[in-house]
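Everything on this sheet refers to the single structure shown next.
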Amino acid sequence: MIDLHSHTDQSDGTFTAAELVAEAKRVGLNALAITDHDTIKGFEKAVPFAAEVGLHLICGIELSTRYHGGSMHLLGYFPCDPPVQEFRSWLDYLLESRRDRNRRLITKLNSLGIDITLDEVETQGRTLTARPHFARVLVAKGYARDLQDAFDQYLDESARGYVQRHEIPTEEAIERIRNAGGISSLAHPVRVARNNWATIAEYVKELAAAGLQAIEVFHSDHSPENVSYYQSLADRFDLAVTGGSDFHGANKPSIELGTGYRNNLCVPDEILTTLRERVCGANV
């Protein structure tokens with residue numbers, strides 16, 4: 001069993017790199033990919049801990065992109081070697097765009113009468129400060145009952161406090177990942193186009209032509225019907241398959257590493273073998 005979608009406290013997870021590696025070993029994972037948003041620092045911090053316990057660790061990334069006017073998340077995997085320096089410098093640019101959004105989000109929340117500062121929120125984050133960190137402060141200061149309420153009232157795309165972050169075109173992200181020696185995968189397609197299957201199929205067709213290499217078939221949010229349909233898209237467009245829990249620790253308490261939501265997930269080891277073959281060009 002493997003898990004190719006997880007987050008540390010370097011983005012919007014709550015587990016440190018060491019804690020995540022320990023949890024992976026506890027639940028019996030053979031391999032783990034750390035896919036923090038816009039940073040690989042969680043992966044880098046985890047490397048010595050994974051080596052110590054003999055866990056196969058894969059460098060990954062999750063990027064927020066824009067496609068047909070909507071938000072689309074893209075996963076990038078580097079199963080052979082970590083990405084080159086040019087890609088890392090580009091990630092620094094993405095982190096700065098997040099900081100710009102955060103400053104604008106503070107201004108918007110203040111305009112709604114909420115007494116909150118960026119310093120307060122940034123103490124909750126590490127490399128990256130994201131909306132879950134805002135949610136924690138809103139809960140702590142009594143503006144929301146819990147994290148979900150904070151998103152519903154202020155932080156979700158339909159909420160009154162929402163501020164749009166600059167998102168790169170999906171095609172650019174695909175090209176950046178490929179040029180850095182990685183493989184790109186459409187993350188949790190159940191969240192794309194409101195899970196309209198015909199629209200998703202059209203998007204996947206277009207993205208495959210633009211260089212998309214994989215689709216996340218297995219995910220904690222996916223029903224058996226979703227899994228079957230996304231697998232059919234992988235087969236139709238000759239895409240590799242990826243899968244993972246999207247583990248965030250306490251920020252998503254119902255999701256368990258490796259097994260997802262109420263044991264609805266079991267990602268086979270063969271998926272990683274296929275990814276390595278596609279990227280490295282050799283059987284392993």
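Labels for the structure tokens follow display order: chains A, B, ..., residues from 1 in each chain, ligands from 1.
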Per residue of range 18-126 of chain A within 8 Å of range 130-134 of chain A, what are the shortest atom pair and its distance in Å to one decimal, counting only C-alpha atoms, with rows by chain and residue number, as a Markdown table?
```
| residue | atom | partner | partner_atom | distance |
| --- | --- | --- | --- | --- |
| A:Arg98 | CA | A:Ala130 | CA | 7.7 |
| A:Asn102 | CA | A:Ala130 | CA | 7.7 |
| A:Val121 | CA | A:Phe134 | CA | 5.6 |
| A:Glu122 | CA | A:His133 | CA | 7.5 |
| A:Gln124 | CA | A:His133 | CA | 5.6 |
| A:Gly125 | CA | A:His133 | CA | 6.4 |
```
Take the selection from the previous step and output its residues with C-alpha atoms, as a compact mmCIF listing (two decimals), in the first residue's frame.
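The new file result.txt reads:
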```txt
# COMPACT_ATOMS: atom_id res chain seq x y z
CA ARG A 98 0.31 33.59 -1.94
CA ASN A 102 -2.88 36.88 2.17
CA VAL A 121 -2.00 34.15 10.87
CA GLU A 122 1.63 33.66 9.87
CA GLN A 124 0.19 29.36 12.40
CA GLY A 125 2.09 28.56 9.21
```
Determine, for each residue of range 74-193 of chain A having at least one atom at most 10 Å from an atom of range 41-52 of chain A, the closest pair of atoms and their separation in Å to one decimal, counting only C-alpha atoms; order by chain and ascending number, as a Markdown table.
```
| residue | atom | partner | partner_atom | distance |
| --- | --- | --- | --- | --- |
| A:Pro82 | CA | A:Glu44 | CA | 9.4 |
| A:Arg126 | CA | A:Lys41 | CA | 9.8 |
| A:Thr127 | CA | A:Lys41 | CA | 7.5 |
| A:Leu128 | CA | A:Lys41 | CA | 9.9 |
```
Would you mind exporting the chosen residues as a PDB file, in the first residue's frame, restricted to N, CA and C atoms?
```pdb
ATOM      1  N   PRO A  82      14.734  14.767  -7.304  1.00  0.00           N
ATOM      2  CA  PRO A  82      14.029  16.016  -6.987  1.00  0.00           C
ATOM      3  C   PRO A  82      14.163  17.017  -8.136  1.00  0.00           C
ATOM      4  N   ARG A 126       4.189  27.755   8.365  1.00  0.00           N
ATOM      5  CA  ARG A 126       5.631  27.548   8.337  1.00  0.00           C
ATOM      6  C   ARG A 126       6.154  28.198   7.058  1.00  0.00           C
ATOM      7  N   THR A 127       6.484  27.380   6.066  1.00  0.00           N
ATOM      8  CA  THR A 127       6.938  27.924   4.788  1.00  0.00           C
ATOM      9  C   THR A 127       5.818  28.662   4.086  1.00  0.00           C
ATOM     10  N   LEU A 128       4.604  28.177   4.242  1.00  0.00           N
ATOM     11  CA  LEU A 128       3.458  28.690   3.508  1.00  0.00           C
ATOM     12  C   LEU A 128       2.321  28.983   4.476  1.00  0.00           C
TER      13      LEU A 128
END
```
### Task
Write out as a ChimeraX atom specification each polymer residue whose atoms come within 8 Å of Ala214 in chain A, counting only C-alpha atoms; drop sequence neighbours fewer than 4 positions from it.
/A:183-186,234,239-242
Taking all heavy atoms for each residue, export the selection above as a CSV table (one decimal), in the first residue's frame.
```
chain,number,residue,atom,x,y,z
A,183,ILE,N,6.3,14.3,-13.5
A,183,ILE,CA,5.1,13.8,-14.2
A,183,ILE,C,3.9,14.5,-13.5
A,183,ILE,O,3.9,14.6,-12.3
A,183,ILE,CB,5.0,12.3,-14.1
A,183,ILE,CG1,3.8,11.8,-14.9
A,183,ILE,CG2,4.9,11.8,-12.6
A,183,ILE,CD1,3.8,10.3,-15.1
A,184,SER,N,3.1,15.1,-14.3
A,184,SER,CA,1.9,15.8,-13.8
A,184,SER,C,0.7,15.0,-13.8
A,184,SER,O,0.4,14.1,-14.6
A,184,SER,CB,1.6,17.0,-14.7
A,184,SER,OG,1.4,16.6,-16.1
A,185,SER,N,-0.2,15.2,-12.8
A,185,SER,CA,-1.4,14.4,-12.6
A,185,SER,C,-2.5,15.4,-12.2
A,185,SER,O,-2.3,16.2,-11.3
A,185,SER,CB,-1.2,13.4,-11.5
A,185,SER,OG,-2.4,12.6,-11.3
A,186,LEU,N,-3.7,15.2,-12.8
A,186,LEU,CA,-4.9,16.0,-12.4
A,186,LEU,C,-5.3,15.5,-11.1
A,186,LEU,O,-5.7,14.4,-10.9
A,186,LEU,CB,-6.0,15.8,-13.5
A,186,LEU,CG,-7.3,16.4,-13.1
A,186,LEU,CD1,-7.2,17.9,-13.0
A,186,LEU,CD2,-8.4,16.1,-14.2
A,234,ALA,N,-8.3,7.4,-17.8
A,234,ALA,CA,-6.9,7.1,-17.9
A,234,ALA,C,-6.6,6.2,-19.0
A,234,ALA,O,-5.7,6.3,-19.8
A,234,ALA,CB,-6.4,6.5,-16.6
A,239,LEU,N,-3.2,7.7,-20.0
A,239,LEU,CA,-2.6,8.4,-18.8
A,239,LEU,C,-2.2,7.4,-17.7
A,239,LEU,O,-2.9,6.4,-17.5
A,239,LEU,CB,-3.6,9.4,-18.2
A,239,LEU,CG,-4.1,10.5,-19.2
A,239,LEU,CD1,-5.1,11.4,-18.5
A,239,LEU,CD2,-2.9,11.4,-19.6
A,240,ALA,N,-1.2,7.7,-17.0
A,240,ALA,CA,-0.8,7.0,-15.8
A,240,ALA,C,-1.9,7.3,-14.7
A,240,ALA,O,-2.6,8.2,-14.8
A,240,ALA,CB,0.6,7.3,-15.3
A,241,VAL,N,-1.9,6.4,-13.7
A,241,VAL,CA,-2.8,6.6,-12.6
A,241,VAL,C,-2.1,7.0,-11.3
A,241,VAL,O,-1.0,6.4,-11.1
A,241,VAL,CB,-3.6,5.3,-12.3
A,241,VAL,CG1,-4.4,5.3,-11.0
A,241,VAL,CG2,-4.6,5.0,-13.5
A,242,THR,N,-2.6,7.9,-10.6
A,242,THR,CA,-2.1,8.2,-9.2
A,242,THR,C,-3.2,8.1,-8.2
A,242,THR,O,-4.4,8.0,-8.5
A,242,THR,CB,-1.4,9.6,-9.2
A,242,THR,OG1,-2.4,10.6,-9.3
A,242,THR,CG2,-0.4,9.8,-10.3
```
### Query
Quick one: of A:Val190, A:Leu118, A:Val139, A:Leu212, who's nearest to Ala173 in chain A, counting only C-alpha atoms?
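Of A:Val190, A:Leu118, A:Val139, A:Leu212, the one nearest Ala173 in chain A, counting only C-alpha atoms, is A:Leu212.
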### Query
Please, what distance in Å, to one decimal, runs between CA of Asn251 in chain A and CA of Asp156 in chain A?
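For CA of Asn251 in chain A relative to CA of Asp156 in chain A, the distance reads 14.9 Å.
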### Query
Any idea what's packed within 12 Å of range 141-151 of chain A, counting only C-alpha atoms, ignoring anything in its chain fewer than 4 positions away? Could you give it as a list in words?
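My reading of the contact set: Leu109, Leu112, Gly113, Ile114, Asp115, Ile116, Thr117, Glu120, Val121, Ala130, Arg131, Pro132, His133, Phe134, Ala135, Arg136, Val137, Leu155, Asp156, Glu157, Ser158, Ala159, Arg160, Gly161, Tyr162, Ala250, Asn251, Lys252 and Pro253 of chain A.
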### Task
May I ask which of the residues A:Gln213, A:Thr107, A:Ser245, A:Asn264 is the closest one to Leu32 in chain A, counting only C-alpha atoms?
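Once distances to Leu32 in chain A are computed over only C-alpha atoms, the minimum belongs to A:Ser245.
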### Task
Would you list, as a PyMOL selection string, the residues of range 27-238 of chain A that end up in helix (DSSP H, G or I) under DSSP run on this structure's backbone?
chain A and resi 41-53+85-111+118-122+131-140+147-155+170-179+189-195+197-209+224-236
### Task
Could you give me, as a list in words, the residues within 9 Å of Ser71 in chain A, counting only C-alpha atoms and dropping anything in the same chain fewer than 6 positions from it?
Ser64, Thr65, Glu167 and Val192 of chain A
### Query
Using only C-alpha atoms, which of A:Leu207, A:Ala198, A:Leu29, A:Ile255 sits nearest Tyr229 in chain A?
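Of all the options, A:Ala198 lies closest to Tyr229 in chain A.
Here CA of Gly13 in chain A is placed at a distance of 5.8 Å from CA of Gly249 in chain A.
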